[in-house]
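For reference, the structure discussed in these notes is given below.
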Amino acid sequence: MAYASGRSISSSDTISRSTRANRVSSRSDLFPRLVAMQKLADAQNFAVYRMSGSGLPAKQRLICELENWGSANASLHKAFVDAYGDALIEHVEKSLLPLAWAGSHDRSFPGAIGMAPFVVRLPDGLVPFSGLAFPVRLGAIGNGFVVFTGDDLDPPNDMVVELHGRACQVMIDLLSLDERRVAAAEALSEREIACLQLAGDGRISEEIADKLGLSVHTVNAYLGSATIKLDSVNRIQAIAKAIRLGYIS
């Protein structure tokens, strides 16, 4: 297999992984870890889904948070959710066993017998690719799946367990990042929010200053501090995050 040499797990790898987990400061930090997991699974792609909504499973849906399918394969997300979305949502409420399926291009799912005690089998052939989905249950806003897809997936039992543990850590870190962003947004002052709102409405600093009775220097200072608090690289990204978090419209 393409990644056979990289699938062994060492104690140093475990220590390194733990160290990296403590240094996660943005979603981009999660990509190298997901790629490493993808290689261990001998998969071609990964995707991280979280469940939105609350209450009955019928009111919930899967939201793709991270993936490396790329725009050229955007249809893969829809195909996967259409085929297995309802089953995944129902499953995470009942069990934390990984899910596996064989794609329409695979004659059979390799290792299915050996993996049987560790996974729940989904109907085969509904999508072109085979895959493994690792459920994670962290509460109302933390439930979801880390998914690996490809052809002829054949991870040994100990690898399935290892990947599941790493999937849990990825979801924990993703939830932690979101909580930090919300905390930062809650720390925004009324002036910072007002300046962001007007900037989001397309006003330049001079117009914002005139509207709020402030100096241009003060407006830029408020926008700069808000950008830092929202962990953004520029004013445009800060406005986008403030909108997503519901602090401006």
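Letters for chains follow the order of the structure tokens (A, B, ...), residue numbers begin at 1 for each chain, and ligand numbers begin at 1 in the order shown.
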### Residue contacts of segment 164-179 of chain A (6 Å, only C-alpha atoms) excluding same-chain residues fewer than 6 positions away, as number ranges by chain
A: 134, 136, 146
### Task
Just the residues within 7 Å of Arg121 of chain A, please, counting only C-alpha atoms, with nothing from its chain fewer than 4 positions along; format it as a PyMOL selection string.
chain A and resi 99-101
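The shortest atom-to-atom distance to Glu90 of chain A, with only C-alpha atoms taken into account, belongs to A:Pro135 out of A:Gly246, A:Pro135, A:Gly150, A:Gly142.
Summary of the local environment: counting only C-alpha atoms, residues at most 12 Å from Ser225 of chain A, other than itself and those fewer than 3 positions away along its chain, are A:Ala184, A:Ala185, A:Ala187, A:Leu188, A:Ser189, A:Arg191, A:Glu192, A:Ile193, A:Cys195, A:Leu196, A:Thr218, A:Val219, A:Asn220, A:Ala221, A:Tyr222, A:Ile228, A:Lys229, A:Leu230, A:Asp231, A:Ser232, A:Val233, A:Asn234, A:Arg235, A:Ala238.
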### Task
Quick one: everything within 9 Å of Ala194 of chain A, counting only C-alpha atoms, minus sequence neighbours fewer than 3 positions away in the same chain. Send it as number ranges by chain.
A: 189-191, 197-199, 208, 212, 248
### Task
Step one, run DSSP on the backbone; step two, keep only residues of segment 95-242 of chain A assigned to strand (DSSP E or B); then write them as a list in words.
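These are the residues in question: Leu99, Ala100, Trp101, Val120, Arg121, Ser130, Gly131, Leu132, Ala133, Phe134, Pro135, Val136, Gly144, Phe145, Val146, Val147, Phe148, Thr149 and Gly150 of chain A.
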How would the residues just chosen look if you wrote them out with N, CA, C and O atoms as an mmCIF file, in the first residue's frame?
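Result went into selection-v3.cif, see below:
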```
data_model
loop_
_atom_site.group_PDB
_atom_site.id
_atom_site.type_symbol
_atom_site.label_atom_id
_atom_site.label_comp_id
_atom_site.auth_asym_id
_atom_site.auth_seq_id
_atom_site.Cartn_x
_atom_site.Cartn_y
_atom_site.Cartn_z
ATOM 1 N N LEU A 99 -17.686 3.306 12.025
ATOM 2 C CA LEU A 99 -18.516 2.813 10.928
ATOM 3 C C LEU A 99 -17.643 2.569 9.707
ATOM 4 O O LEU A 99 -16.669 3.292 9.469
ATOM 5 N N ALA A 100 -17.975 1.545 8.926
ATOM 6 C CA ALA A 100 -17.193 1.218 7.738
ATOM 7 C C ALA A 100 -18.132 0.850 6.602
ATOM 8 O O ALA A 100 -19.231 0.345 6.821
ATOM 9 N N TRP A 101 -17.687 1.115 5.388
ATOM 10 C CA TRP A 101 -18.473 0.734 4.214
ATOM 11 C C TRP A 101 -17.538 0.519 3.031
ATOM 12 O O TRP A 101 -16.430 1.043 2.992
ATOM 13 N N VAL A 120 -19.040 -0.996 12.926
ATOM 14 C CA VAL A 120 -20.401 -1.279 12.476
ATOM 15 C C VAL A 120 -20.423 -1.089 10.970
ATOM 16 O O VAL A 120 -19.937 -0.080 10.455
ATOM 17 N N ARG A 121 -20.956 -2.035 10.267
ATOM 18 C CA ARG A 121 -20.937 -1.995 8.811
ATOM 19 C C ARG A 121 -22.158 -1.242 8.269
ATOM 20 O O ARG A 121 -23.298 -1.520 8.660
ATOM 21 N N SER A 130 -14.653 3.675 -0.596
ATOM 22 C CA SER A 130 -14.792 3.018 0.698
ATOM 23 C C SER A 130 -14.411 4.003 1.795
ATOM 24 O O SER A 130 -13.827 5.059 1.532
ATOM 25 N N GLY A 131 -14.745 3.671 3.036
ATOM 26 C CA GLY A 131 -14.401 4.606 4.088
ATOM 27 C C GLY A 131 -14.588 4.086 5.493
ATOM 28 O O GLY A 131 -15.184 3.025 5.723
ATOM 29 N N LEU A 132 -14.028 4.846 6.422
ATOM 30 C CA LEU A 132 -14.175 4.631 7.856
ATOM 31 C C LEU A 132 -14.600 5.952 8.478
ATOM 32 O O LEU A 132 -14.035 7.005 8.160
ATOM 33 N N ALA A 133 -15.595 5.904 9.359
ATOM 34 C CA ALA A 133 -16.064 7.102 10.053
ATOM 35 C C ALA A 133 -15.968 6.862 11.549
ATOM 36 O O ALA A 133 -16.567 5.915 12.071
ATOM 37 N N PHE A 134 -15.201 7.726 12.231
ATOM 38 C CA PHE A 134 -14.989 7.573 13.662
ATOM 39 C C PHE A 134 -15.878 8.557 14.420
ATOM 40 O O PHE A 134 -15.670 9.776 14.328
ATOM 41 N N PRO A 135 -16.855 8.061 15.180
ATOM 42 C CA PRO A 135 -17.754 8.957 15.911
ATOM 43 C C PRO A 135 -17.097 9.525 17.156
ATOM 44 O O PRO A 135 -16.293 8.862 17.820
ATOM 45 N N VAL A 136 -17.428 10.775 17.460
ATOM 46 C CA VAL A 136 -16.954 11.435 18.672
ATOM 47 C C VAL A 136 -18.156 12.113 19.322
ATOM 48 O O VAL A 136 -18.913 12.812 18.644
ATOM 49 N N GLY A 144 -19.743 14.515 16.450
ATOM 50 C CA GLY A 144 -19.430 14.500 15.030
ATOM 51 C C GLY A 144 -18.615 13.288 14.646
ATOM 52 O O GLY A 144 -18.546 12.296 15.388
ATOM 53 N N PHE A 145 -17.970 13.374 13.484
ATOM 54 C CA PHE A 145 -17.222 12.256 12.920
ATOM 55 C C PHE A 145 -15.956 12.751 12.244
ATOM 56 O O PHE A 145 -15.940 13.825 11.631
ATOM 57 N N VAL A 146 -14.912 11.956 12.341
ATOM 58 C CA VAL A 146 -13.724 12.129 11.514
ATOM 59 C C VAL A 146 -13.740 10.977 10.515
ATOM 60 O O VAL A 146 -13.785 9.804 10.903
ATOM 61 N N VAL A 147 -13.739 11.311 9.233
ATOM 62 C CA VAL A 147 -13.971 10.334 8.168
ATOM 63 C C VAL A 147 -12.733 10.220 7.279
ATOM 64 O O VAL A 147 -12.099 11.225 6.937
ATOM 65 N N PHE A 148 -12.402 8.981 6.909
ATOM 66 C CA PHE A 148 -11.313 8.726 5.965
ATOM 67 C C PHE A 148 -11.858 7.895 4.815
ATOM 68 O O PHE A 148 -12.565 6.907 5.040
ATOM 69 N N THR A 149 -11.540 8.295 3.600
ATOM 70 C CA THR A 149 -12.075 7.618 2.424
ATOM 71 C C THR A 149 -10.958 7.244 1.459
ATOM 72 O O THR A 149 -9.889 7.858 1.450
ATOM 73 N N GLY A 150 -11.211 6.220 0.651
ATOM 74 C CA GLY A 150 -10.236 5.778 -0.335
ATOM 75 C C GLY A 150 -10.644 4.458 -0.930
ATOM 76 O O GLY A 150 -11.820 4.076 -0.887
#
```
### Residue set, segment 65-178 of chain A restricted to helix (DSSP H, G or I), as a PyMOL selection string
chain A and resi 71-92+112-118+157-178
### Query
What does the distance between atom CA of Val127 of chain A and atom CA of Ser28 of chain A come to in Å, to one decimal place?
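About the pair atom CA of Val127 of chain A and atom CA of Ser28 of chain A: they are 28.1 Å apart.
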### Query
What does the distance from atom CA of Lys78 of chain A to atom CA of Ile63 of chain A come to in Å, to one decimal?
10.8 Å
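Distance check against Asp158 of chain A using only C-alpha atoms: of A:Val24, A:Leu76, A:Val92, A:Leu40, the minimum falls on A:Leu40.
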### Spatial neighbours of Met51 of chain A, max dist 6 Å, only C-alpha atoms, sep filter under 2 positions, as JSON, numbers by chain
{"A": [61, 62, 143, 144]}
#### Entry: Option closest in space to His77 of chain A, from A:Gln237, A:Asn45, A:Ser52, A:Ser95 [counting only C-alpha atoms]
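Under the stated criterion, the closest residue is A:Asn45.
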### Message
Let me make sure I understand: among A:Asp201, A:Glu206, A:Asp86, A:Glu162, which one has the smallest atom-to-atom distance to Met37 of chain A if we use only C-alpha atoms?
### Response
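Of A:Asp201, A:Glu206, A:Asp86, A:Glu162, the one nearest Met37 of chain A, counting only C-alpha atoms, is A:Glu162.
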### Query
Which polymer residues have any atom within 10 Å of an atom of Trp69 of chain A, counting only C-alpha atoms, with same-chain residues fewer than 2 positions away left out, as number ranges by chain?
A: 44-47, 66-67, 71-77, 149
### Message
With distances taken over only C-alpha atoms, which residue among A:Leu126, A:Leu138, A:Val216, A:Ala102 lies nearest Asp82 of chain A?
### Response
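Selected residue with least distance to Asp82 of chain A: A:Leu126.
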